[in-house]
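K.L.:
I'd like to ask you about the structure that follows.
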Amino acid sequence: MASQILRRAIGSRSSQILPSTHRNPNFGSGCGSGSGSLLSAVARAFCSQAPIRATLFPGDGIGPEIAQSVKQVFQAAEVPIEWEEHYVSKEIDPRTQSFLTWESLESVRQNGVGLKGPMATPIGKGHRSLNLTLRKELNLYANVRPCYSLPGYKTRYDNVDLITIRENTEGEYSGLEHQVVRGVVESLKIITRQASLRVAEYAFHYAKTHGRERVSAIHKANIMQKTDGLFLKCCREVAEKYPEITYEEVVIDNCCMMLVKNPALFDVLVMPNLYGDIISDLCAGLVGGLGLTPSCNIGEGGIALAEAVHGSAPDIAGKDLANPTALLLSAVTMLRHLKLNDKADRIQDAILNTIAEGEVPNR
């Protein structure tokens with residue numbers, strides 16, 4: 001699939017034609033130096049911006065090969081990105097208590113932007129989750145997933161266009177579990193005013209700056225009155241500062257039913273951690289699955305770490321079967337964060353045109 005997208009990226013640069021089949025507002029290499037090829041000619045003609053350094057985690061399983069596809073497409077489109085690659089260690093780093101090294105985390109802190117392929121953590125082995133390590137250590141407080149119908153990829157719905165914004169640092173994923181007595185374990189759900197206000201503020205600001213009209217706070221405060229009640233209180237407080245944005249509160253189970261009946265009822269959804277994990281995957285299923293859905297994590301100080309949220313699929317790794325769409329679209333969100341909107345538009349158009357024309361199977 002990357003080869004079709006690559007040809008489109010080169011073609012759009014050389015002709016300066018920018019199609020607009022689907023421009024979603026919700027969201028390496030330097031300059032080529034070869035000679036005698038179209039790519040080199042395009043590089044010399046359009047290479048004018050100093051490269052921006054970004055951290056790249058190729059990840060596990062199919063991660064390295066889909067990361068390579070991103071690098072090839074970025075090179076063809078002459079995106080001014082210089083990749084700083086970091087791989088998962090084979091041993092636990094005591095400074096992070098995971099297979100992610102301290103140096104790799106420092107790379108993201110220094111660069112302020114990165115892209116992550118799928119990472120696998122063994123289940124029940126006592127290892128700290130790689131994704132949880134990134135969120136905690138880098139304080140990636142909001143996970144943003146645009147979810148929209150793709151032209152040419154037929155699903156049950158044709159009009160999906162919503163955003164899920166998930167609080168990313170606490171809730172049931174705080175990692176506070178212990179055994180009370182033999183046969184009884186306890187897991188603590190942590191909700192704080194600071195984290196709730198922060199993600200609510202981000203959701204409303206996002207809605208305002210991206211022309212969105214409604215923010216829905218998803219909760220279970222009818223049962224978890226203290227924790228989800230605090231989250232709702234913070235959302236209401238922030239909503240008062242944005243009178244132009246319609247605000248509503250929806251119970252999590254009712255939200256799931258409404259989404260599968262009519263996803264057009266929603267615009268921007270903001271929610272605590274566990275609900276966001278579930279709802280964002282449900283929304284991905286509405287448009288074709290995690291393999292077609294971008295994702296970006298936002299942290300304090302403007303850090304952005306885009307990621308593919310699908311699995312590492314080790315069973316097809318190295319077989320040239322992996323579809324790089326999710327990682328490519330996530331890379332597009334990274335470019336939009338960097339205000340490289342022209343580059344993002346070209347690559348997104350190339351991806352969506354390739355899917356729309358059905359040139360390759362989506363696997």
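Numbering starts fresh at 1 for the residues of each chain in the structure tokens, the chains themselves are lettered A, B, ... in the order given, and ligands are numbered from 1 as they appear.
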Which residues are close to stretch 234-243 of chain A, i.e. within 7 Å by only C-alpha atoms, leaving aside same-chain residues fewer than 2 positions away? Reply as an mmCIF file with N, CA and C atoms, in the first residue's frame.
P.N.:
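selection.cif was written with the following content:
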```cif
data_model
loop_
_atom_site.group_PDB
_atom_site.id
_atom_site.type_symbol
_atom_site.label_atom_id
_atom_site.label_comp_id
_atom_site.auth_asym_id
_atom_site.auth_seq_id
_atom_site.Cartn_x
_atom_site.Cartn_y
_atom_site.Cartn_z
ATOM 1 N N ARG A 193 -9.184 16.436 40.695
ATOM 2 C CA ARG A 193 -9.692 17.681 40.130
ATOM 3 C C ARG A 193 -8.720 18.214 39.074
ATOM 4 N N SER A 196 -8.902 16.157 35.819
ATOM 5 C CA SER A 196 -10.213 16.282 35.183
ATOM 6 C C SER A 196 -10.386 17.656 34.541
ATOM 7 N N LEU A 197 -9.979 18.703 35.262
ATOM 8 C CA LEU A 197 -10.050 20.045 34.685
ATOM 9 C C LEU A 197 -9.177 20.167 33.450
ATOM 10 N N ALA A 200 -10.756 18.312 30.468
ATOM 11 C CA ALA A 200 -11.975 19.002 30.072
ATOM 12 C C ALA A 200 -11.636 20.299 29.342
ATOM 13 N N GLU A 201 -10.675 21.044 29.863
ATOM 14 C CA GLU A 201 -10.243 22.276 29.210
ATOM 15 C C GLU A 201 -9.719 21.989 27.805
ATOM 16 N N LEU A 230 -16.983 13.863 40.564
ATOM 17 C CA LEU A 230 -15.952 14.907 40.517
ATOM 18 C C LEU A 230 -15.592 15.237 39.081
ATOM 19 N N PHE A 231 -15.481 14.208 38.236
ATOM 20 C CA PHE A 231 -15.163 14.442 36.827
ATOM 21 C C PHE A 231 -16.228 15.328 36.179
ATOM 22 N N LEU A 232 -17.499 15.036 36.429
ATOM 23 C CA LEU A 232 -18.583 15.836 35.852
ATOM 24 C C LEU A 232 -18.574 17.263 36.397
ATOM 25 N N ILE A 245 -20.391 26.480 23.025
ATOM 26 C CA ILE A 245 -20.325 25.027 22.827
ATOM 27 C C ILE A 245 -21.447 24.361 23.626
ATOM 28 N N TYR A 247 -23.093 21.626 25.758
ATOM 29 C CA TYR A 247 -22.532 20.636 26.683
ATOM 30 C C TYR A 247 -23.628 19.678 27.135
#
```
K.L.:
Can you check which residues of stretch 130-348 of chain A DSSP gives as helix (DSSP H, G or I) on the backbone and send them as a compact mmCIF listing (two decimals) with N, CA, C and O atoms, in the first residue's frame?
P.N.:
```txt
# COMPACT_ATOMS: atom_id res chain seq x y z
N LEU A 130 4.22 -0.86 28.49
CA LEU A 130 5.01 0.12 27.76
C LEU A 130 4.21 1.38 27.49
O LEU A 130 4.72 2.50 27.62
N ASN A 131 2.97 1.21 27.10
CA ASN A 131 2.13 2.37 26.82
C ASN A 131 1.86 3.16 28.10
O ASN A 131 1.86 4.40 28.10
N LEU A 132 1.63 2.46 29.21
CA LEU A 132 1.39 3.13 30.48
C LEU A 132 2.64 3.88 30.92
O LEU A 132 2.56 4.99 31.46
N THR A 133 3.81 3.30 30.67
CA THR A 133 5.06 3.97 31.01
C THR A 133 5.18 5.30 30.26
O THR A 133 5.53 6.33 30.84
N LEU A 134 4.88 5.28 28.96
CA LEU A 134 4.96 6.50 28.17
C LEU A 134 3.99 7.56 28.70
O LEU A 134 4.35 8.74 28.84
N ARG A 135 2.76 7.16 28.99
CA ARG A 135 1.77 8.13 29.45
C ARG A 135 2.15 8.73 30.79
O ARG A 135 2.02 9.94 31.01
N LYS A 136 2.64 7.88 31.70
CA LYS A 136 2.98 8.35 33.04
C LYS A 136 4.24 9.21 33.01
O LYS A 136 4.28 10.31 33.58
N GLU A 137 5.30 8.70 32.40
CA GLU A 137 6.59 9.38 32.44
C GLU A 137 6.57 10.69 31.66
O GLU A 137 7.26 11.65 32.02
N GLU A 172 -8.95 4.00 36.44
CA GLU A 172 -8.65 2.59 36.75
C GLU A 172 -7.24 2.19 36.30
O GLU A 172 -6.75 1.12 36.68
N TYR A 173 -6.60 3.02 35.48
CA TYR A 173 -5.27 2.69 34.98
C TYR A 173 -4.17 3.35 35.81
O TYR A 173 -3.05 3.53 35.34
N SER A 174 -4.48 3.70 37.05
CA SER A 174 -3.48 4.30 37.93
C SER A 174 -2.43 3.29 38.37
O SER A 174 -1.39 3.65 38.90
N ARG A 193 -9.18 16.44 40.69
CA ARG A 193 -9.69 17.68 40.13
C ARG A 193 -8.72 18.21 39.07
O ARG A 193 -9.13 18.66 38.00
N GLN A 194 -7.43 18.16 39.36
CA GLN A 194 -6.44 18.70 38.45
C GLN A 194 -6.50 18.02 37.09
O GLN A 194 -6.55 18.68 36.04
N ALA A 195 -6.48 16.69 37.08
CA ALA A 195 -6.47 15.95 35.82
C ALA A 195 -7.80 16.11 35.08
O ALA A 195 -7.83 16.21 33.84
N SER A 196 -8.90 16.16 35.82
CA SER A 196 -10.21 16.28 35.18
C SER A 196 -10.39 17.66 34.54
O SER A 196 -10.89 17.77 33.42
N LEU A 197 -9.98 18.70 35.26
CA LEU A 197 -10.05 20.04 34.68
C LEU A 197 -9.18 20.17 33.45
O LEU A 197 -9.55 20.79 32.45
N ARG A 198 -8.00 19.56 33.51
CA ARG A 198 -7.04 19.66 32.41
C ARG A 198 -7.59 19.03 31.14
O ARG A 198 -7.54 19.63 30.06
N VAL A 199 -8.15 17.82 31.24
CA VAL A 199 -8.64 17.16 30.04
C VAL A 199 -9.94 17.81 29.56
O VAL A 199 -10.19 17.90 28.35
N ALA A 200 -10.76 18.31 30.47
CA ALA A 200 -11.98 19.00 30.07
C ALA A 200 -11.64 20.30 29.34
O ALA A 200 -12.24 20.63 28.31
N GLU A 201 -10.68 21.04 29.86
CA GLU A 201 -10.24 22.28 29.21
C GLU A 201 -9.72 21.99 27.81
O GLU A 201 -10.01 22.71 26.85
N TYR A 202 -8.95 20.91 27.67
CA TYR A 202 -8.44 20.55 26.36
C TYR A 202 -9.58 20.22 25.40
O TYR A 202 -9.58 20.64 24.23
N ALA A 203 -10.57 19.47 25.88
CA ALA A 203 -11.68 19.06 25.02
C ALA A 203 -12.48 20.27 24.52
O ALA A 203 -12.81 20.36 23.33
N PHE A 204 -12.77 21.20 25.41
CA PHE A 204 -13.54 22.38 24.99
C PHE A 204 -12.72 23.29 24.09
O PHE A 204 -13.24 23.85 23.11
N HIS A 205 -11.44 23.45 24.41
CA HIS A 205 -10.58 24.27 23.55
C HIS A 205 -10.47 23.64 22.17
O HIS A 205 -10.51 24.33 21.15
N TYR A 206 -10.34 22.31 22.14
CA TYR A 206 -10.28 21.59 20.86
C TYR A 206 -11.55 21.81 20.06
O TYR A 206 -11.51 22.10 18.85
N ALA A 207 -12.69 21.68 20.72
CA ALA A 207 -13.97 21.87 20.03
C ALA A 207 -14.06 23.28 19.45
O ALA A 207 -14.47 23.47 18.29
N LYS A 208 -13.67 24.26 20.22
CA LYS A 208 -13.76 25.65 19.77
C LYS A 208 -12.85 25.92 18.59
O LYS A 208 -13.25 26.55 17.60
N THR A 209 -11.60 25.47 18.67
CA THR A 209 -10.62 25.78 17.62
C THR A 209 -10.79 24.94 16.37
O THR A 209 -10.24 25.28 15.32
N THR A 227 -16.24 9.55 42.35
CA THR A 227 -15.20 9.68 41.34
C THR A 227 -15.73 10.32 40.05
O THR A 227 -15.27 11.38 39.63
N ASP A 228 -16.72 9.69 39.46
CA ASP A 228 -17.28 10.26 38.23
C ASP A 228 -18.04 11.55 38.52
O ASP A 228 -18.14 12.42 37.65
N GLY A 229 -18.54 11.68 39.74
CA GLY A 229 -19.18 12.93 40.12
C GLY A 229 -18.20 14.09 40.09
O GLY A 229 -18.54 15.19 39.64
N LEU A 230 -16.98 13.86 40.56
CA LEU A 230 -15.95 14.91 40.52
C LEU A 230 -15.59 15.24 39.08
O LEU A 230 -15.42 16.41 38.72
N PHE A 231 -15.48 14.21 38.24
CA PHE A 231 -15.16 14.44 36.83
C PHE A 231 -16.23 15.33 36.18
O PHE A 231 -15.91 16.29 35.48
N LEU A 232 -17.50 15.04 36.43
CA LEU A 232 -18.58 15.84 35.85
C LEU A 232 -18.57 17.26 36.40
O LEU A 232 -18.81 18.23 35.65
N LYS A 233 -18.30 17.40 37.67
CA LYS A 233 -18.25 18.74 38.27
C LYS A 233 -17.20 19.60 37.57
O LYS A 233 -17.43 20.78 37.29
N CYS A 234 -16.06 18.99 37.26
CA CYS A 234 -15.00 19.72 36.58
C CYS A 234 -15.40 20.06 35.14
O CYS A 234 -15.12 21.16 34.65
N CYS A 235 -16.06 19.13 34.46
CA CYS A 235 -16.51 19.39 33.09
C CYS A 235 -17.53 20.53 33.07
O CYS A 235 -17.49 21.40 32.18
N ARG A 236 -18.43 20.56 34.04
CA ARG A 236 -19.43 21.63 34.10
C ARG A 236 -18.76 22.98 34.33
O ARG A 236 -19.15 23.99 33.75
N GLU A 237 -17.74 22.97 35.18
CA GLU A 237 -17.01 24.21 35.48
C GLU A 237 -16.35 24.77 34.22
O GLU A 237 -16.40 25.98 33.97
N VAL A 238 -15.74 23.90 33.44
CA VAL A 238 -15.09 24.34 32.21
C VAL A 238 -16.14 24.76 31.17
O VAL A 238 -15.96 25.74 30.45
N ALA A 239 -17.25 24.02 31.10
CA ALA A 239 -18.29 24.31 30.11
C ALA A 239 -18.83 25.73 30.25
O ALA A 239 -19.21 26.36 29.26
N ILE A 252 -22.30 6.08 30.39
CA ILE A 252 -21.44 5.28 29.51
C ILE A 252 -22.21 4.18 28.77
O ILE A 252 -22.02 3.99 27.56
N ASP A 253 -23.08 3.44 29.45
CA ASP A 253 -23.78 2.36 28.77
C ASP A 253 -24.78 2.89 27.74
O ASP A 253 -24.91 2.34 26.64
N ASN A 254 -25.45 4.00 28.07
CA ASN A 254 -26.35 4.62 27.10
C ASN A 254 -25.56 5.19 25.92
O ASN A 254 -26.01 5.13 24.77
N CYS A 255 -24.38 5.70 26.19
CA CYS A 255 -23.52 6.22 25.12
C CYS A 255 -23.19 5.14 24.12
O CYS A 255 -23.24 5.37 22.89
N CYS A 256 -22.84 3.95 24.61
CA CYS A 256 -22.52 2.84 23.70
C CYS A 256 -23.71 2.50 22.81
O CYS A 256 -23.54 2.29 21.60
N MET A 257 -24.90 2.45 23.39
CA MET A 257 -26.10 2.14 22.60
C MET A 257 -26.34 3.23 21.55
O MET A 257 -26.63 2.93 20.39
N MET A 258 -26.21 4.49 21.95
CA MET A 258 -26.45 5.60 21.03
C MET A 258 -25.43 5.59 19.88
O MET A 258 -25.77 5.88 18.73
N LEU A 259 -24.19 5.26 20.19
CA LEU A 259 -23.16 5.24 19.16
C LEU A 259 -23.44 4.20 18.08
O LEU A 259 -23.28 4.46 16.89
N VAL A 260 -23.87 3.01 18.49
CA VAL A 260 -24.10 1.97 17.49
C VAL A 260 -25.43 2.17 16.77
O VAL A 260 -25.61 1.65 15.66
N LYS A 261 -26.35 2.95 17.35
CA LYS A 261 -27.61 3.25 16.67
C LYS A 261 -27.46 4.41 15.70
O LYS A 261 -27.94 4.37 14.57
N PRO A 263 -24.25 7.19 15.27
CA PRO A 263 -23.05 7.91 15.72
C PRO A 263 -23.06 9.40 15.39
O PRO A 263 -22.31 10.17 15.98
N ALA A 264 -23.93 9.82 14.48
CA ALA A 264 -24.01 11.23 14.13
C ALA A 264 -24.55 12.09 15.27
O ALA A 264 -24.49 13.32 15.21
N LEU A 265 -25.04 11.45 16.33
CA LEU A 265 -25.53 12.19 17.48
C LEU A 265 -24.41 12.85 18.26
O LEU A 265 -24.65 13.75 19.07
N ASN A 273 -10.39 7.62 31.90
CA ASN A 273 -9.46 6.73 31.21
C ASN A 273 -10.09 5.44 30.68
O ASN A 273 -10.02 5.15 29.47
N LEU A 274 -10.67 4.63 31.55
CA LEU A 274 -11.20 3.33 31.12
C LEU A 274 -12.32 3.48 30.10
O LEU A 274 -12.35 2.78 29.09
N TYR A 275 -13.24 4.42 30.34
CA TYR A 275 -14.33 4.63 29.39
C TYR A 275 -13.77 5.04 28.03
O TYR A 275 -14.27 4.62 26.98
N GLY A 276 -12.73 5.87 28.05
CA GLY A 276 -12.13 6.31 26.80
C GLY A 276 -11.47 5.18 26.04
O GLY A 276 -11.52 5.14 24.80
N ASP A 277 -10.87 4.26 26.76
CA ASP A 277 -10.25 3.10 26.13
C ASP A 277 -11.29 2.27 25.39
O ASP A 277 -11.09 1.83 24.24
N ILE A 278 -12.44 2.09 26.01
CA ILE A 278 -13.51 1.28 25.42
C ILE A 278 -14.22 2.03 24.28
O ILE A 278 -14.39 1.50 23.18
N ILE A 279 -14.63 3.26 24.55
CA ILE A 279 -15.41 4.02 23.57
C ILE A 279 -14.59 4.31 22.31
O ILE A 279 -15.12 4.25 21.19
N SER A 280 -13.32 4.62 22.46
CA SER A 280 -12.50 4.94 21.28
C SER A 280 -12.36 3.73 20.37
O SER A 280 -12.38 3.87 19.13
N ASP A 281 -12.25 2.53 20.95
CA ASP A 281 -12.20 1.33 20.11
C ASP A 281 -13.56 1.04 19.47
O ASP A 281 -13.63 0.60 18.31
N LEU A 282 -14.63 1.28 20.21
CA LEU A 282 -15.96 1.12 19.63
C LEU A 282 -16.13 2.03 18.42
O LEU A 282 -16.62 1.61 17.37
N CYS A 283 -15.70 3.29 18.57
CA CYS A 283 -15.84 4.24 17.47
C CYS A 283 -14.99 3.82 16.27
O CYS A 283 -15.40 3.99 15.11
N ALA A 284 -13.81 3.27 16.53
CA ALA A 284 -12.98 2.77 15.44
C ALA A 284 -13.70 1.68 14.67
O ALA A 284 -13.64 1.61 13.44
N GLY A 285 -14.43 0.83 15.39
CA GLY A 285 -15.19 -0.22 14.73
C GLY A 285 -16.28 0.31 13.82
O GLY A 285 -16.67 -0.35 12.86
N LEU A 286 -16.78 1.50 14.09
CA LEU A 286 -17.83 2.09 13.25
C LEU A 286 -17.32 2.44 11.86
O LEU A 286 -18.10 2.51 10.91
N VAL A 287 -16.01 2.69 11.73
CA VAL A 287 -15.47 3.13 10.44
C VAL A 287 -14.52 2.12 9.80
O VAL A 287 -13.93 2.40 8.76
N LEU A 290 -9.34 -0.54 14.06
CA LEU A 290 -8.17 0.19 14.56
C LEU A 290 -7.11 0.39 13.49
O LEU A 290 -6.29 1.30 13.59
N GLY A 291 -7.12 -0.45 12.46
CA GLY A 291 -6.13 -0.32 11.40
C GLY A 291 -6.35 0.88 10.50
O GLY A 291 -5.52 1.17 9.63
N LEU A 292 -7.47 1.59 10.70
CA LEU A 292 -7.78 2.77 9.88
C LEU A 292 -7.93 4.03 10.72
O LEU A 292 -8.36 5.06 10.21
N GLU A 300 1.86 17.77 28.76
CA GLU A 300 2.21 19.10 29.27
C GLU A 300 3.36 19.68 28.47
O GLU A 300 4.26 18.97 28.03
N GLY A 301 3.32 20.99 28.31
CA GLY A 301 4.41 21.65 27.60
C GLY A 301 4.35 21.49 26.11
O GLY A 301 5.33 21.79 25.41
N GLY A 302 3.21 20.99 25.59
CA GLY A 302 3.07 20.86 24.14
C GLY A 302 3.62 19.60 23.54
O GLY A 302 3.68 19.47 22.31
N PRO A 314 2.23 -10.07 15.50
CA PRO A 314 3.46 -10.80 15.20
C PRO A 314 3.27 -11.94 14.21
O PRO A 314 4.22 -12.36 13.55
N ASP A 315 2.02 -12.42 14.06
CA ASP A 315 1.77 -13.55 13.16
C ASP A 315 1.94 -13.18 11.69
O ASP A 315 2.17 -14.06 10.85
N ILE A 316 1.85 -11.87 11.36
CA ILE A 316 2.04 -11.48 9.95
C ILE A 316 3.28 -10.62 9.77
O ILE A 316 3.52 -10.11 8.66
N THR A 325 -1.85 2.10 7.21
CA THR A 325 -2.76 3.24 7.21
C THR A 325 -2.84 3.94 8.56
O THR A 325 -2.77 5.17 8.65
N ALA A 326 -3.04 3.19 9.64
CA ALA A 326 -3.22 3.81 10.96
C ALA A 326 -1.99 4.61 11.36
O ALA A 326 -2.11 5.73 11.88
N LEU A 327 -0.81 4.06 11.15
CA LEU A 327 0.40 4.78 11.53
C LEU A 327 0.63 5.99 10.62
O LEU A 327 1.07 7.05 11.08
N LEU A 328 0.30 5.86 9.34
CA LEU A 328 0.42 6.99 8.43
C LEU A 328 -0.54 8.12 8.81
O LEU A 328 -0.15 9.30 8.84
N LEU A 329 -1.79 7.78 9.11
CA LEU A 329 -2.75 8.81 9.51
C LEU A 329 -2.37 9.43 10.85
O LEU A 329 -2.58 10.62 11.09
N SER A 330 -1.78 8.62 11.74
CA SER A 330 -1.30 9.17 13.01
C SER A 330 -0.13 10.12 12.76
O SER A 330 -0.02 11.18 13.41
N ALA A 331 0.72 9.77 11.80
CA ALA A 331 1.83 10.66 11.44
C ALA A 331 1.29 11.97 10.88
O ALA A 331 1.89 13.04 11.08
N VAL A 332 0.15 11.91 10.19
CA VAL A 332 -0.48 13.14 9.68
C VAL A 332 -0.91 14.04 10.85
O VAL A 332 -0.75 15.26 10.80
N THR A 333 -1.45 13.43 11.92
CA THR A 333 -1.83 14.25 13.09
C THR A 333 -0.60 14.89 13.71
O THR A 333 -0.66 16.01 14.23
N MET A 334 0.53 14.19 13.68
CA MET A 334 1.78 14.77 14.18
C MET A 334 2.18 15.99 13.35
O MET A 334 2.60 17.02 13.89
N LEU A 335 2.04 15.89 12.03
CA LEU A 335 2.37 17.01 11.16
C LEU A 335 1.45 18.21 11.42
O LEU A 335 1.89 19.36 11.40
N ARG A 336 0.19 17.94 11.68
CA ARG A 336 -0.73 19.04 11.97
C ARG A 336 -0.36 19.71 13.30
O ARG A 336 -0.47 20.93 13.45
N HIS A 337 0.08 18.93 14.25
CA HIS A 337 0.54 19.50 15.52
C HIS A 337 1.73 20.42 15.29
O HIS A 337 1.87 21.45 15.97
N ASN A 341 0.73 21.84 7.81
CA ASN A 341 -0.58 21.44 7.28
C ASN A 341 -0.56 21.09 5.80
O ASN A 341 -1.30 20.22 5.35
N ASP A 342 0.28 21.76 5.03
CA ASP A 342 0.36 21.45 3.60
C ASP A 342 0.88 20.03 3.40
O ASP A 342 0.34 19.27 2.58
N LYS A 343 1.92 19.67 4.14
CA LYS A 343 2.46 18.31 4.04
C LYS A 343 1.41 17.30 4.51
O LYS A 343 1.22 16.25 3.89
N ALA A 344 0.74 17.63 5.61
CA ALA A 344 -0.28 16.73 6.14
C ALA A 344 -1.41 16.53 5.14
O ALA A 344 -1.88 15.40 4.93
N ASP A 345 -1.85 17.62 4.50
CA ASP A 345 -2.92 17.52 3.51
C ASP A 345 -2.53 16.61 2.35
O ASP A 345 -3.32 15.78 1.89
N ARG A 346 -1.31 16.76 1.84
CA ARG A 346 -0.86 15.98 0.70
C ARG A 346 -0.83 14.48 1.02
O ARG A 346 -1.31 13.65 0.24
N ILE A 347 -0.28 14.16 2.18
CA ILE A 347 -0.18 12.75 2.55
C ILE A 347 -1.56 12.17 2.86
O ILE A 347 -1.90 11.06 2.42
N GLN A 348 -2.39 12.91 3.57
CA GLN A 348 -3.73 12.41 3.88
C GLN A 348 -4.55 12.20 2.61
O GLN A 348 -5.25 11.19 2.46
```
K.L.:
Which residues come within 9 Å of A:Glu170, counting only C-alpha atoms, excluding same-chain residues fewer than 5 positions away, as a PDB file with all heavy atoms, in the first residue's frame?
P.N.:
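The result, stored in selection.pdb:
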```pdb
ATOM      1  N   LYS A 136       2.638   7.883  31.698  1.00  0.00           N
ATOM      2  CA  LYS A 136       2.982   8.351  33.039  1.00  0.00           C
ATOM      3  C   LYS A 136       4.243   9.211  33.012  1.00  0.00           C
ATOM      4  O   LYS A 136       4.279  10.312  33.575  1.00  0.00           O
ATOM      5  CB  LYS A 136       3.188   7.153  33.966  1.00  0.00           C
ATOM      6  CG  LYS A 136       1.914   6.423  34.341  1.00  0.00           C
ATOM      7  CD  LYS A 136       1.127   7.205  35.378  1.00  0.00           C
ATOM      8  CE  LYS A 136      -0.014   6.389  35.945  1.00  0.00           C
ATOM      9  NZ  LYS A 136      -0.774   7.130  36.982  1.00  0.00           N
ATOM     10  N   TYR A 141      -1.530  13.519  29.015  1.00  0.00           N
ATOM     11  CA  TYR A 141      -2.786  13.543  29.753  1.00  0.00           C
ATOM     12  C   TYR A 141      -4.026  13.365  28.884  1.00  0.00           C
ATOM     13  O   TYR A 141      -5.109  13.082  29.399  1.00  0.00           O
ATOM     14  CB  TYR A 141      -2.904  14.835  30.558  1.00  0.00           C
ATOM     15  CG  TYR A 141      -3.002  16.097  29.724  1.00  0.00           C
ATOM     16  CD1 TYR A 141      -4.238  16.564  29.279  1.00  0.00           C
ATOM     17  CD2 TYR A 141      -1.866  16.835  29.397  1.00  0.00           C
ATOM     18  CE1 TYR A 141      -4.342  17.717  28.519  1.00  0.00           C
ATOM     19  CE2 TYR A 141      -1.956  17.995  28.652  1.00  0.00           C
ATOM     20  CZ  TYR A 141      -3.190  18.435  28.214  1.00  0.00           C
ATOM     21  OH  TYR A 141      -3.284  19.582  27.459  1.00  0.00           O
ATOM     22  N   GLY A 175      -2.722   2.003  38.184  1.00  0.00           N
ATOM     23  CA  GLY A 175      -1.758   0.958  38.534  1.00  0.00           C
ATOM     24  C   GLY A 175      -1.679   0.674  40.018  1.00  0.00           C
ATOM     25  O   GLY A 175      -0.669   0.162  40.504  1.00  0.00           O
ATOM     26  N   LYS A 189      -9.503   3.250  41.797  1.00  0.00           N
ATOM     27  CA  LYS A 189      -9.788   4.198  40.727  1.00  0.00           C
ATOM     28  C   LYS A 189      -9.525   5.603  41.268  1.00  0.00           C
ATOM     29  O   LYS A 189     -10.161   6.039  42.235  1.00  0.00           O
ATOM     30  CB  LYS A 189     -11.247   4.065  40.268  1.00  0.00           C
ATOM     31  CG  LYS A 189     -11.681   5.142  39.279  1.00  0.00           C
ATOM     32  CD  LYS A 189     -13.108   4.896  38.800  1.00  0.00           C
ATOM     33  CE  LYS A 189     -13.568   5.988  37.840  1.00  0.00           C
ATOM     34  NZ  LYS A 189     -14.887   5.684  37.260  1.00  0.00           N
ATOM     35  N   ILE A 190      -8.582   6.295  40.655  1.00  0.00           N
ATOM     36  CA  ILE A 190      -8.197   7.622  41.106  1.00  0.00           C
ATOM     37  C   ILE A 190      -8.719   8.678  40.127  1.00  0.00           C
ATOM     38  O   ILE A 190      -8.433   8.626  38.941  1.00  0.00           O
ATOM     39  CB  ILE A 190      -6.660   7.756  41.213  1.00  0.00           C
ATOM     40  CG1 ILE A 190      -6.089   6.627  42.068  1.00  0.00           C
ATOM     41  CG2 ILE A 190      -6.281   9.122  41.751  1.00  0.00           C
ATOM     42  CD1 ILE A 190      -6.567   6.636  43.501  1.00  0.00           C
ATOM     43  N   ILE A 191      -9.501   9.608  40.636  1.00  0.00           N
ATOM     44  CA  ILE A 191      -9.954  10.764  39.859  1.00  0.00           C
ATOM     45  C   ILE A 191      -9.562  12.021  40.638  1.00  0.00           C
ATOM     46  O   ILE A 191      -9.898  12.148  41.823  1.00  0.00           O
ATOM     47  CB  ILE A 191     -11.476  10.756  39.639  1.00  0.00           C
ATOM     48  CG1 ILE A 191     -11.906   9.529  38.823  1.00  0.00           C
ATOM     49  CG2 ILE A 191     -11.931  12.041  38.939  1.00  0.00           C
ATOM     50  CD1 ILE A 191     -11.479   9.548  37.379  1.00  0.00           C
ATOM     51  N   THR A 192      -8.844  12.941  39.993  1.00  0.00           N
ATOM     52  CA  THR A 192      -8.434  14.170  40.658  1.00  0.00           C
ATOM     53  C   THR A 192      -9.018  15.383  39.938  1.00  0.00           C
ATOM     54  O   THR A 192      -9.288  15.331  38.731  1.00  0.00           O
ATOM     55  CB  THR A 192      -6.899  14.311  40.696  1.00  0.00           C
ATOM     56  OG1 THR A 192      -6.409  14.450  39.356  1.00  0.00           O
ATOM     57  CG2 THR A 192      -6.263  13.099  41.361  1.00  0.00           C
ATOM     58  N   ALA A 195      -6.476  16.691  37.082  1.00  0.00           N
ATOM     59  CA  ALA A 195      -6.475  15.952  35.819  1.00  0.00           C
ATOM     60  C   ALA A 195      -7.803  16.113  35.077  1.00  0.00           C
ATOM     61  O   ALA A 195      -7.828  16.212  33.843  1.00  0.00           O
ATOM     62  CB  ALA A 195      -6.179  14.481  36.072  1.00  0.00           C
ATOM     63  N   PRO A 272     -13.242   9.823  31.335  1.00  0.00           N
ATOM     64  CA  PRO A 272     -12.132   9.254  32.097  1.00  0.00           C
ATOM     65  C   PRO A 272     -11.473   8.102  31.339  1.00  0.00           C
ATOM     66  O   PRO A 272     -11.965   7.639  30.309  1.00  0.00           O
ATOM     67  CB  PRO A 272     -12.798   8.773  33.383  1.00  0.00           C
ATOM     68  CG  PRO A 272     -14.060   9.565  33.489  1.00  0.00           C
ATOM     69  CD  PRO A 272     -14.517   9.762  32.073  1.00  0.00           C
ATOM     70  N   ASN A 273     -10.387   7.619  31.899  1.00  0.00           N
ATOM     71  CA  ASN A 273      -9.463   6.728  31.215  1.00  0.00           C
ATOM     72  C   ASN A 273     -10.087   5.436  30.676  1.00  0.00           C
ATOM     73  O   ASN A 273     -10.024   5.154  29.471  1.00  0.00           O
ATOM     74  CB  ASN A 273      -8.310   6.391  32.173  1.00  0.00           C
ATOM     75  CG  ASN A 273      -7.028   6.075  31.451  1.00  0.00           C
ATOM     76  OD1 ASN A 273      -7.030   5.688  30.293  1.00  0.00           O
ATOM     77  ND2 ASN A 273      -5.920   6.240  32.142  1.00  0.00           N
TER      78      ASN A 273
END
```
K.L.:
Atom CA of A:Thr101 and atom CA of A:Asn168 are how many Å apart?
P.N.:
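Separation between atom CA of A:Thr101 and atom CA of A:Asn168: 20.7 Å.
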